[in-house]
>>> print(open('final_34.cif').read())   # mmCIF, C-alpha atoms
data_my_file
#
loop_
_atom_site.label_atom_id
_atom_site.label_comp_id
_atom_site.auth_asym_id
_atom_site.auth_seq_id
_atom_site.Cartn_x
_atom_site.Cartn_y
_atom_site.Cartn_z
CA MET W 1 35.45 51.08 -27.31
CA ARG W 2 34.77 53.72 -24.68
CA ARG W 3 35.39 52.52 -21.13
CA TRP W 4 32.92 53.43 -18.42
CA LYS W 5 32.44 53.17 -14.71
CA THR W 6 30.84 49.96 -13.45
CA ARG W 7 27.79 50.49 -11.40
CA CYS W 8 28.32 50.97 -7.68
CA SER W 9 28.11 47.82 -5.59
CA GLN W 10 26.48 49.79 -2.77
CA LEU W 11 23.06 48.99 -4.21
CA ALA W 12 23.36 45.35 -3.27
CA ILE W 13 24.87 46.03 0.13
CA LEU W 14 22.12 48.50 1.01
CA ALA W 15 19.50 46.11 -0.29
CA VAL W 16 20.88 43.39 1.94
CA ALA W 17 20.90 45.75 4.91
CA SER W 18 17.22 46.47 4.41
CA THR W 19 16.42 42.81 5.00
CA LEU W 20 17.66 43.17 8.58
CA THR W 21 14.75 45.38 9.60
CA GLY W 22 12.82 42.50 11.05
CA CYS W 23 15.74 40.77 12.73
CA ALA W 24 15.02 39.76 16.30
CA ALA W 25 18.59 40.11 17.49
CA GLY W 26 20.29 42.37 15.01
CA PRO W 27 22.00 45.75 15.03
CA ALA W 28 20.68 49.00 13.74
CA ALA W 29 23.66 50.15 11.74
CA ALA W 30 23.66 49.97 7.95
CA PRO W 31 26.80 49.01 6.06
CA PRO W 32 28.92 51.72 4.46
CA GLN W 33 28.94 52.31 0.73
CA GLN W 34 31.77 51.18 -1.49
CA THR W 35 32.38 51.59 -5.20
CA HIS W 36 34.07 49.22 -7.61
CA ALA W 37 36.79 50.02 -10.16
CA GLU W 38 36.76 53.56 -11.55
CA ARG W 39 35.99 53.96 -15.25
CA PRO W 40 34.76 56.93 -17.35
CA ALA W 41 31.01 57.28 -16.76
CA PRO W 42 28.60 56.59 -19.63
CA ASP W 43 25.93 58.95 -20.84
CA THR W 44 22.75 58.40 -18.86
CA GLY W 45 19.09 59.03 -19.45
CA ALA W 46 16.50 58.04 -22.02
CA GLU W 47 18.61 59.08 -25.02
CA ALA W 48 21.55 56.97 -23.84
CA LEU W 49 19.24 53.98 -23.44
CA VAL W 50 17.94 54.41 -26.99
CA ARG W 51 21.44 54.74 -28.44
CA THR W 52 22.79 51.76 -26.50
CA ARG W 53 19.84 49.56 -27.48
CA ALA W 54 20.39 50.47 -31.12
CA LEU W 55 24.12 49.80 -30.87
CA LEU W 56 23.54 46.39 -29.29
CA ALA W 57 20.96 45.46 -31.92
CA ALA W 58 23.40 46.34 -34.69
CA LEU W 59 26.18 44.10 -33.36
CA ASP W 60 26.71 40.54 -34.54
CA PRO W 61 26.23 37.85 -31.88
CA ASP W 62 29.94 37.07 -31.96
CA ASP W 63 31.14 40.69 -31.97
CA PRO W 64 33.86 41.05 -29.30
CA ASP W 65 32.30 44.33 -28.14
CA ARG W 66 28.90 42.75 -27.48
CA PRO W 67 29.52 41.82 -23.78
CA GLU W 68 30.63 45.37 -22.98
CA ILE W 69 27.57 46.91 -24.65
CA MET W 70 25.30 44.44 -22.87
CA HIS W 71 26.88 45.44 -19.59
CA GLN W 72 26.45 49.13 -20.35
CA LEU W 73 22.80 48.69 -21.34
CA ALA W 74 22.03 46.76 -18.16
CA PHE W 75 23.75 49.46 -16.12
CA LEU W 76 21.68 52.17 -17.82
CA LEU W 77 18.51 50.24 -17.07
CA GLU W 78 19.51 50.10 -13.40
CA GLU W 79 20.04 53.87 -13.46
CA GLU W 80 16.63 54.31 -15.06
CA ALA W 81 15.02 52.09 -12.43
CA ASN W 82 16.65 54.03 -9.61
CA ASP W 83 15.57 57.36 -11.09
CA LEU W 84 11.97 56.15 -11.39
CA GLN W 85 12.03 54.90 -7.81
CA ARG W 86 13.39 58.23 -6.55
CA ARG W 87 10.59 60.04 -8.38
CA ALA W 88 8.03 57.73 -6.78
CA TRP W 89 9.48 58.40 -3.31
CA SER W 90 9.37 62.14 -3.97
CA LEU W 91 5.68 61.95 -4.89
CA GLU W 92 4.93 59.87 -1.78
CA GLU W 93 6.23 62.75 0.36
CA ALA W 94 3.91 65.27 -1.30
CA ALA W 95 1.01 66.77 0.65
CA GLU W 96 -1.48 65.04 -1.67
CA PRO W 97 0.31 62.02 -3.18
CA GLN W 98 -0.90 60.90 -6.61
CA LEU W 99 -1.26 57.18 -5.94
CA THR W 100 -1.90 56.19 -9.55
CA GLN W 101 1.23 57.99 -10.76
CA ILE W 102 3.29 56.54 -7.90
CA ASP W 103 2.16 53.00 -8.72
CA GLU W 104 2.99 53.57 -12.39
CA LEU W 105 6.51 54.81 -11.57
CA LYS W 106 7.15 51.85 -9.27
CA ALA W 107 5.91 49.40 -11.91
CA ARG W 108 8.18 50.98 -14.54
CA SER W 109 11.11 50.83 -12.11
CA LYS W 110 10.49 47.15 -11.44
CA GLY W 111 10.23 46.49 -15.17
CA ALA W 112 13.56 48.21 -15.85
CA LEU W 113 15.21 46.13 -13.12
CA ALA W 114 13.74 42.94 -14.52
CA GLU W 115 15.08 43.78 -17.99
CA ALA W 116 18.51 44.61 -16.56
CA LEU W 117 18.50 41.28 -14.71
CA GLU W 118 17.68 39.44 -17.93
CA ILE W 119 20.60 41.11 -19.70
CA TYR W 120 23.03 40.43 -16.85
CA THR W 121 21.96 36.80 -16.77
CA ALA W 122 22.46 36.46 -20.52
CA LEU W 123 25.86 38.13 -20.20
CA VAL W 124 26.99 35.75 -17.44
CA GLU W 125 25.72 32.63 -19.21
CA GLY W 126 26.66 33.58 -22.75
CA HIS W 127 30.02 35.23 -22.13
CA PRO W 128 31.66 33.51 -19.12
CA GLY W 129 35.08 34.76 -20.23
CA TYR W 130 34.06 38.42 -20.18
CA GLU W 131 36.66 40.38 -18.23
CA ARG W 132 34.10 41.83 -15.82
CA VAL W 133 31.78 38.90 -15.45
CA ASP W 134 32.18 39.22 -11.67
CA ASP W 135 30.66 42.70 -11.81
CA ALA W 136 27.77 41.36 -13.90
CA ARG W 137 27.18 38.53 -11.42
CA TYR W 138 27.18 40.95 -8.52
CA ALA W 139 24.83 43.32 -10.34
CA ALA W 140 22.41 40.45 -11.00
CA ALA W 141 22.46 39.47 -7.32
CA SER W 142 21.83 43.11 -6.36
CA ILE W 143 18.77 43.28 -8.55
CA LEU W 144 17.43 40.00 -7.18
CA LEU W 145 17.65 41.53 -3.71
CA GLN W 146 15.84 44.66 -4.81
CA LEU W 147 13.12 42.51 -6.34
CA GLY W 148 12.72 40.66 -3.05
CA GLN W 149 14.17 37.37 -4.30
CA ARG W 150 16.53 36.84 -1.37
CA VAL W 151 17.14 33.12 -1.81
CA GLU W 152 17.98 33.53 -5.50
CA ALA W 153 20.23 36.49 -4.64
CA ALA W 154 22.09 34.37 -2.09
CA ARG W 155 22.68 31.68 -4.72
CA ALA W 156 23.99 34.33 -7.12
CA MET W 157 26.38 35.68 -4.48
CA GLN W 158 27.61 32.17 -3.74
CA ALA W 159 28.17 31.58 -7.46
CA LEU W 160 30.29 34.74 -7.65
CA ILE W 161 32.35 33.60 -4.65
CA ASP W 162 32.88 30.16 -6.16
CA CYS W 163 33.72 31.20 -9.72
CA CYS W 164 35.74 34.34 -9.11
CA PRO W 165 38.06 33.78 -6.12
CA SER W 166 40.32 36.67 -7.12
CA SER W 167 37.54 39.17 -7.82
CA PRO W 168 37.92 42.53 -6.06
CA MET W 169 34.22 42.24 -5.26
CA ARG W 170 34.50 38.86 -3.53
CA HIS W 171 34.57 40.38 -0.04
CA GLN W 172 31.42 42.33 -0.84
CA ALA W 173 29.69 39.15 -1.94
CA LEU W 174 30.85 37.39 1.23
CA LEU W 175 29.43 40.21 3.34
CA ALA W 176 26.14 40.23 1.45
CA LEU W 177 25.84 36.45 1.81
CA GLY W 178 26.64 36.76 5.51
CA GLU W 179 23.78 39.23 5.83
CA HIS W 180 21.46 36.74 4.17
CA TYR W 181 22.31 33.96 6.60
CA PHE W 182 22.15 36.34 9.57
CA ASN W 183 18.65 37.32 8.51
CA GLU W 184 17.78 33.63 8.23
CA ASN W 185 19.03 33.17 11.83
CA ASN W 186 21.81 30.84 10.70
CA ILE W 187 24.27 32.63 12.97
CA LEU W 188 27.12 30.13 12.67
CA LYS W 189 27.10 30.33 8.88
CA ALA W 190 26.81 34.11 8.98
CA ALA W 191 29.80 34.34 11.33
CA GLU W 192 31.85 32.17 8.99
CA LEU W 193 31.08 34.47 6.05
CA TYR W 194 31.75 37.67 7.99
CA ARG W 195 35.17 36.29 8.97
CA ALA W 196 35.86 35.37 5.35
CA ALA W 197 34.87 38.88 4.23
CA ILE W 198 37.30 40.40 6.73
CA ASP W 199 40.09 38.02 5.73
CA ALA W 200 39.51 38.72 2.03
CA ALA W 201 39.87 42.50 2.42
CA PRO W 202 40.94 43.47 5.96
CA THR W 203 41.55 47.12 5.03
CA SER W 204 38.37 47.57 3.00
CA SER W 205 35.90 50.23 4.08
CA LEU W 206 33.43 47.36 4.54
CA ALA W 207 35.66 45.47 6.99
CA PRO W 208 34.56 47.44 10.09
CA PHE W 209 30.93 46.67 9.31
CA ALA W 210 31.78 42.98 8.87
CA ARG W 211 33.46 43.06 12.31
CA TYR W 212 30.40 44.77 13.75
CA LYS W 213 28.11 42.04 12.42
CA LEU W 214 30.54 39.35 13.55
CA ALA W 215 30.32 40.86 17.04
CA TRP W 216 26.56 40.45 16.90
CA CYS W 217 27.02 36.83 15.87
CA HIS W 218 29.17 36.26 18.95
CA PHE W 219 26.55 37.97 21.10
CA ASN W 220 23.76 35.79 19.71
CA LEU W 221 25.92 32.71 20.29
CA ASN W 222 26.33 33.67 23.98
CA GLU W 223 29.97 34.61 23.41
CA ALA W 224 29.74 38.04 25.03
CA PRO W 225 33.49 38.54 25.73
CA ALA W 226 34.28 38.01 22.04
CA ALA W 227 31.50 40.42 21.07
CA TRP W 228 32.84 43.01 23.51
CA GLY W 229 36.33 42.66 22.05
CA LEU W 230 35.13 43.36 18.51
CA PHE W 231 32.94 46.28 19.55
CA LEU W 232 35.95 47.71 21.41
CA GLN W 233 38.18 47.26 18.35
CA ILE W 234 35.68 49.12 16.13
CA ALA W 235 35.33 52.01 18.58
CA LYS W 236 39.06 52.45 19.12
CA SER W 237 39.84 52.24 15.39
CA ALA W 238 37.32 54.97 14.62
CA ARG W 239 38.99 57.35 17.07
CA ALA W 240 42.12 57.13 14.94
CA THR W 241 40.19 58.39 11.88
CA PRO W 242 37.77 61.06 13.15
CA GLU W 243 37.37 62.41 9.62
CA ASP W 244 35.75 59.13 8.51
CA ARG W 245 32.07 59.84 9.22
CA GLN W 246 30.95 56.31 8.42
CA ALA W 247 33.49 54.84 10.83
CA VAL W 248 32.49 57.30 13.55
CA GLN W 249 28.80 56.48 13.13
CA LEU W 250 29.52 52.76 13.23
CA ALA W 251 31.65 53.23 16.36
CA ARG W 252 28.77 55.09 18.01
CA GLU W 253 26.46 52.13 17.37
CA ALA W 254 29.13 49.66 18.47
CA SER W 255 29.65 51.53 21.74
CA LYS W 256 25.94 51.41 22.58
CA ASP W 257 25.71 47.73 21.69
CA ALA W 258 28.86 46.92 23.65
CA VAL W 259 27.00 47.76 26.87
CA MET W 260 24.68 44.78 26.32
CA ALA W 261 27.67 42.52 25.79
CA TYR W 262 29.43 43.82 28.92
CA ALA W 263 26.28 43.20 30.97
CA GLN W 264 26.62 39.48 30.29
CA PHE W 265 30.07 39.02 31.79
CA GLY W 266 31.69 42.26 32.98
CA ASP W 267 32.52 43.33 36.51
CA PRO W 268 30.26 46.28 37.50
CA ALA W 269 33.06 47.72 39.64
CA LYS W 270 35.22 47.97 36.50
CA ALA W 271 32.50 49.14 34.12
CA LEU W 272 33.41 52.83 34.17
CA ALA W 273 37.04 52.12 33.32
CA ALA W 274 35.99 49.70 30.58
CA PHE W 275 33.62 52.26 29.05
CA GLU W 276 36.27 54.98 29.16
CA GLU W 277 38.52 52.69 27.14
CA LEU W 278 35.60 52.11 24.77
CA THR W 279 34.66 55.76 24.24
CA GLY W 280 37.81 57.68 25.14
CA ASP W 281 35.41 60.13 26.80
CA PRO W 282 34.60 60.08 30.56
CA PRO W 283 31.17 61.78 30.22
CA GLY W 284 30.30 59.38 27.41
CA ALA W 285 31.45 56.47 29.54
CA GLN W 286 29.18 57.62 32.37
CA LYS W 287 26.17 57.71 30.05
CA LEU W 288 26.90 54.14 28.98
CA ALA W 289 27.20 53.18 32.65
CA ASP W 290 23.77 54.72 33.30
CA ASN W 291 22.41 52.50 30.54
CA LEU W 292 24.12 49.49 32.07
CA VAL W 293 22.40 50.10 35.41
CA ILE W 294 19.03 49.87 33.64
CA ILE W 295 20.12 46.79 31.70
CA TYR W 296 21.23 45.11 34.93
CA LEU W 297 17.82 45.82 36.43
CA ASP W 298 16.05 44.39 33.38
CA MET W 299 18.22 41.27 33.69
CA GLY W 300 17.38 40.88 37.37
CA LYS W 301 20.97 41.69 38.38
CA SER W 302 20.03 44.12 41.14
CA GLY W 303 23.28 43.57 43.05
CA GLU W 304 25.39 44.54 40.04
CA ALA W 305 23.09 47.51 39.39
CA GLU W 306 23.59 48.77 42.95
CA VAL W 307 27.40 48.52 42.75
CA LEU W 308 27.48 50.55 39.55
CA ALA W 309 24.86 53.07 40.68
CA ARG W 310 26.83 53.87 43.85
CA ALA W 311 30.02 54.25 41.80
CA LEU W 312 28.21 56.77 39.59
CA LEU W 313 26.86 58.69 42.57
CA ALA W 314 30.42 59.08 43.86
CA LEU W 315 31.37 61.05 40.73
CA PRO W 316 31.11 64.84 40.34
CA ARG W 317 28.30 64.85 37.79
CA ALA W 318 25.47 67.07 36.62
CA ARG W 319 22.52 67.18 38.99
CA SER W 320 20.15 65.73 36.42
CA ALA W 321 22.48 62.77 35.87
CA ASN W 322 22.70 62.11 39.60
CA LEU W 323 18.92 62.33 39.92
CA SER W 324 18.57 59.68 37.23
CA THR W 325 20.97 57.42 39.12
CA LEU W 326 19.13 57.98 42.39
CA LEU W 327 15.90 56.92 40.70
CA ALA W 328 17.63 53.81 39.43
CA LEU W 329 18.78 53.09 42.98
CA VAL W 330 15.15 53.25 44.12
CA GLU W 331 14.36 50.51 41.61
CA VAL W 332 17.40 48.52 42.74
CA GLN W 333 16.34 48.50 46.38
CA SER W 334 12.75 47.75 45.51
CA ALA W 335 13.81 44.82 43.33
CA ARG W 336 15.88 43.46 46.23
CA GLY W 337 12.88 43.65 48.58
CA ARG W 338 14.59 46.01 51.01
CA ASP W 339 11.82 48.18 52.44
CA ALA W 340 13.95 50.45 54.63
CA GLU W 341 16.58 50.91 51.93
CA THR W 342 13.88 51.60 49.31
CA LEU W 343 12.36 54.27 51.52
CA SER W 344 15.79 55.79 52.11
CA ALA W 345 16.50 55.83 48.36
CA ILE W 346 13.15 57.50 47.72
CA GLN W 347 14.00 60.11 50.34
CA ASP W 348 17.34 60.81 48.64
CA ALA W 349 15.70 61.11 45.24
CA LEU W 350 13.00 63.47 46.51
CA ASP W 351 15.56 65.61 48.34
CA ALA W 352 17.59 65.89 45.16
CA ALA W 353 14.52 66.76 43.10
CA SER W 354 13.49 69.45 45.59
CA ALA W 355 16.78 71.34 45.35
CA PRO W 356 16.86 74.32 42.93
CA ASN W 357 19.14 74.03 39.93
CA GLN W 358 18.81 77.13 37.79
CA ALA W 359 21.98 76.42 35.82
CA ASP W 360 20.50 73.34 34.14
CA ALA W 361 17.86 74.19 31.54
CA GLY W 362 16.64 70.61 31.52
CA TRP W 363 16.24 70.44 35.30
CA PRO W 364 12.49 71.28 35.49
CA GLN W 365 11.64 68.46 33.09
CA ALA W 366 13.97 66.07 34.92
CA VAL W 367 12.24 66.90 38.20
CA GLU W 368 8.79 66.45 36.67
CA ASP W 369 9.76 63.06 35.29
CA ALA W 370 11.30 62.05 38.63
CA MET W 371 8.23 62.97 40.62
CA ALA W 372 6.02 61.04 38.21
CA GLN W 373 8.22 57.98 38.71
CA VAL W 374 8.57 58.26 42.48
CA GLU W 375 4.94 58.88 43.49
CA PRO W 376 3.57 55.42 42.54
CA ARG W 377 6.66 53.73 43.97
CA LEU W 378 6.29 55.57 47.28
CA TRP W 379 2.58 54.87 47.49
CA GLY W 380 3.22 51.21 46.73
CA LEU W 381 5.53 51.15 49.72
CA VAL W 382 2.83 52.75 51.87
CA GLU W 383 0.37 50.05 50.85
CA HIS W 384 2.97 47.40 51.56
CA PHE W 385 3.49 48.71 55.10
CA GLU W 386 -0.27 49.03 55.55
CA SER W 387 -0.87 45.42 54.55
CA THR W 388 1.88 44.17 56.86
CA ARG W 389 0.64 45.95 60.00
CA ALA W 390 3.48 44.41 61.95
CA PRO W 391 4.77 46.51 64.88
CA ALA W 392 8.20 46.63 63.28
CA ALA W 393 6.70 48.19 60.15
CA ALA W 394 4.98 51.04 62.00
CA PRO W 395 7.92 53.52 61.84
CA GLY W 396 8.39 52.89 58.14
CA ARG W 397 4.66 53.26 57.52
CA ARG W 398 4.51 56.64 59.26
CA GLU W 399 7.70 57.89 57.57
CA ALA W 400 6.40 56.87 54.15
CA LEU W 401 3.06 58.58 54.74
CA GLU W 402 4.68 61.79 55.94
CA LEU W 403 7.06 61.74 52.98
CA TYR W 404 4.16 61.32 50.60
CA LEU W 405 2.19 64.21 52.09
CA LYS W 406 5.26 66.45 52.12
CA HIS W 407 6.09 65.99 48.45
CA PHE W 408 2.68 65.11 47.00
CA PRO W 409 0.16 67.15 49.06
CA THR W 410 -2.26 67.20 46.11
CA GLY W 411 -1.26 63.83 44.75
CA ARG W 412 -3.57 61.07 43.62
CA HIS W 413 -3.52 59.39 47.04
CA ALA W 414 -3.22 62.50 49.25
CA ASP W 415 -6.65 62.19 50.86
CA ARG W 416 -6.08 58.53 51.64
CA ALA W 417 -2.62 59.36 53.05
CA ARG W 418 -4.08 62.01 55.39
CA ALA W 419 -6.66 59.51 56.64
CA LEU W 420 -4.00 56.88 57.26
CA VAL W 421 -1.57 59.17 59.01
CA ASN W 422 -4.23 60.02 61.57
CA SER W 423 -5.23 56.40 62.11
CA PRO W 424 -3.54 54.18 64.70
#
>>> encode(input="final_34.cif", output="structure tokens")
Amino acid sequence: MRRWKTRCSQLAILAVASTLTGCAAGPAAAPPQQTHAERPAPDTGAEALVRTRALLAALDPDDPDRPEIMHQLAFLLEEEANDLQRRAWSLEEAAEPQLTQIDELKARSKGALAEALEIYTALVEGHPGYERVDDARYAAASILLQLGQRVEAARAMQALIDCCPSSPMRHQALLALGEHYFNENNILKAAELYRAAIDAAPTSSLAPFARYKLAWCHFNLNEAPAAWGLFLQIAKSARATPEDRQAVQLAREASKDAVMAYAQFGDPAKALAAFEELTGDPPGAQKLADNLVIIYLDMGKSGEAEVLARALLALPRARSANLSTLLALVEVQSARGRDAETLSAIQDALDAASAPNQADAGWPQAVEDAMAQVEPRLWGLVEHFESTRAPAAAPGRREALELYLKHFPTGRHADRARALVNSP
């Protein structure tokens, strides 16, 4: 009997990943792809399906080759389904998609998957001693996921875990089941399964993704330091294997997500050093710190935002980066209700935006964006001083009005500003 390559388990993993799209507190990264044991590939296509159907029909029910032929036929049906789906996707991208033809291709694809599932189920139930029954179980669970039957797929994955403890695909089933429970918001159960997947195959190419999702479990369980530790581990491991594109991409996502974890517990004065350890790249660390300033503001942590913003301003950075930090400092002071400091921060931001910077191609757009952000903030301060009318507010009122007219002489509120500056 000719040996052939079992179908790639990536189909199930990617199908599971697609269920995360609607997750309220989930990551963006998709799991990497991983193949199962290598075997010579079978013939594929319509002719191979016809031949394999005929061969299976000719075999006696108790023929020892029957399980292998069933497996091969189910695999070919999966290949057929995938080819039909790819053709449908290609037509959807056409300038004038043929909806009737697309619907027909999708229906045929679904039918081929349903037939493959029926064969896999019969193989598992009728031949439990088949040497690759674990592969058949996993394939059946994959198809259930593709057909949208997530609960049934989870049961199938659990059955594989229970019946085949030594299967080389057990860690993949654990990961897929963890994804199911994560999507169901059962974070404790998901974390348990992600840990089991890591323990089952700590050097697998899927292990970093399991750690990434375990980090998200910790984050959702308000265990930010543990989440940070796992994100850091993923990022540092990827730097040791720069040729691994999947690991590098996952590390990039982990680094961005780590900022949210750090915001929950980290010291803003130590953030730059922490992010340099995370990225191994000072400019990259500074970009993450810029993001953290914004996150602090969104969290209402204006004090932490100010500490980090001032640390960034002390660095020799590109003008556009400093301008962004100065704008953040305006928001910091405004959030803290400090009128004089807000006005001073606006002055600094406007001074920076007014300086020429011909070496930076992105400078004109940065200035335009800055002015659009500052004008309403400055005018809001004017109106605040105007409503107060306290003697102590008079100097700030006049300074704010003069600043507005200097930098926004044709602005939305320019006429009103000129009237106010000439009033007592």
>>> resolve_selection(input="final_34.cif", expression="the PyMOL selection byres ((chain W and resi 247) around 12)", output="PyMOL selection string")
chain W and resi 29-33+204-209+211-212+233-246+248-254
>>> atom_distance(input="final_34.cif", atom1="atom CA of W:His71", atom2="atom CA of W:Ala116")
8.9 Å
>>> closest_residue(input="final_34.cif", among="W:Ser167, W:Gln365, W:Gln333, W:Ser423", to="W:Leu381", atoms="all atoms listed in the file")
W:Gln333
>>> resolve_selection(input="final_34.cif", expression="the PyMOL selection byres ((chain W and resi 367) around 9)", output="PyMOL selection string")
chain W and resi 320+323+352-354+362-366+368-372
>>> write_last_selection(input="final_34.cif", atoms="C-alpha atoms", output="PDB file, keeping the file's coordinate frame")
ATOM      1  CA  SER W 320      20.150  65.730  36.420  1.00  0.00           C
ATOM      2  CA  LEU W 323      18.920  62.330  39.920  1.00  0.00           C
ATOM      3  CA  ALA W 352      17.590  65.890  45.160  1.00  0.00           C
ATOM      4  CA  ALA W 353      14.520  66.760  43.100  1.00  0.00           C
ATOM      5  CA  SER W 354      13.490  69.450  45.590  1.00  0.00           C
ATOM      6  CA  GLY W 362      16.640  70.610  31.520  1.00  0.00           C
ATOM      7  CA  TRP W 363      16.240  70.440  35.300  1.00  0.00           C
ATOM      8  CA  PRO W 364      12.490  71.280  35.490  1.00  0.00           C
ATOM      9  CA  GLN W 365      11.640  68.460  33.090  1.00  0.00           C
ATOM     10  CA  ALA W 366      13.970  66.070  34.920  1.00  0.00           C
ATOM     11  CA  GLU W 368       8.790  66.450  36.670  1.00  0.00           C
ATOM     12  CA  ASP W 369       9.760  63.060  35.290  1.00  0.00           C
ATOM     13  CA  ALA W 370      11.300  62.050  38.630  1.00  0.00           C
ATOM     14  CA  MET W 371       8.230  62.970  40.620  1.00  0.00           C
ATOM     15  CA  ALA W 372       6.020  61.040  38.210  1.00  0.00           C
TER      16      ALA W 372
END
>>> resolve_selection(input="final_34.cif", expression="the PyMOL selection byres ((chain W and resi 70) around 9)", output="list in words")
Thr52, Arg53, Leu56, Asp65, Arg66, Pro67, Glu68, Ile69, His71, Gln72, Leu73, Ala74, Phe75, Ile119, Tyr120, Ala122 and Leu123 of chain W
>>> atom_distance(input="final_34.cif", atom1="atom CA of W:Leu91", atom2="atom CA of W:Lys106")
11.1 Å
>>> residues_around(input="final_34.cif", residues="W:Gly111", least_positions_apart="6", cutoff="12 Å", atoms="only C-alpha atoms", output="PyMOL selection string")
chain W and resi 77-78+80-82+84-85+104-105+117-118+143+146-147
>>> atom_distance(input="final_34.cif", atom1="atom CA of W:Leu278", atom2="atom CA of W:Ile294")
18.9 Å
>>> residues_around(input="final_34.cif", residues="W:Ser334", least_positions_apart="6", cutoff="9 Å", atoms="only C-alpha atoms", output="list of chain:residue names")
W:Glu341, W:Thr342, W:Leu343, W:Arg377
>>> closest_residue(input="final_34.cif", among="W:Ser324, W:Ala215, W:Leu401, W:Gln172", to="W:Leu420", atoms="all atoms listed in the file")
W:Leu401
>>> residues_around(input="final_34.cif", residues="W:Ser90", least_positions_apart="6", cutoff="12 Å", atoms="only C-alpha atoms", output="VMD selection string")
chain W and resid 83 to 84 96 to 99 101 to 102 105 to 106
>>> axis_aligned_box(input="final_34.cif", around="stretch 56-59 of chain W", padding_each_side="5 Å", output="lines of an AutoDock Vina configuration file")
center_x = 23.6
center_y = 45.2
center_z = -32.0
size_x = 15.2
size_y = 12.3
size_z = 15.4
>>> residues_around(input="final_34.cif", residues="W:Asp415", least_positions_apart="5", cutoff="12 Å", atoms="only C-alpha atoms", output="MDAnalysis selection string")
chainID W and resid 401 404:405 408:410 420:422
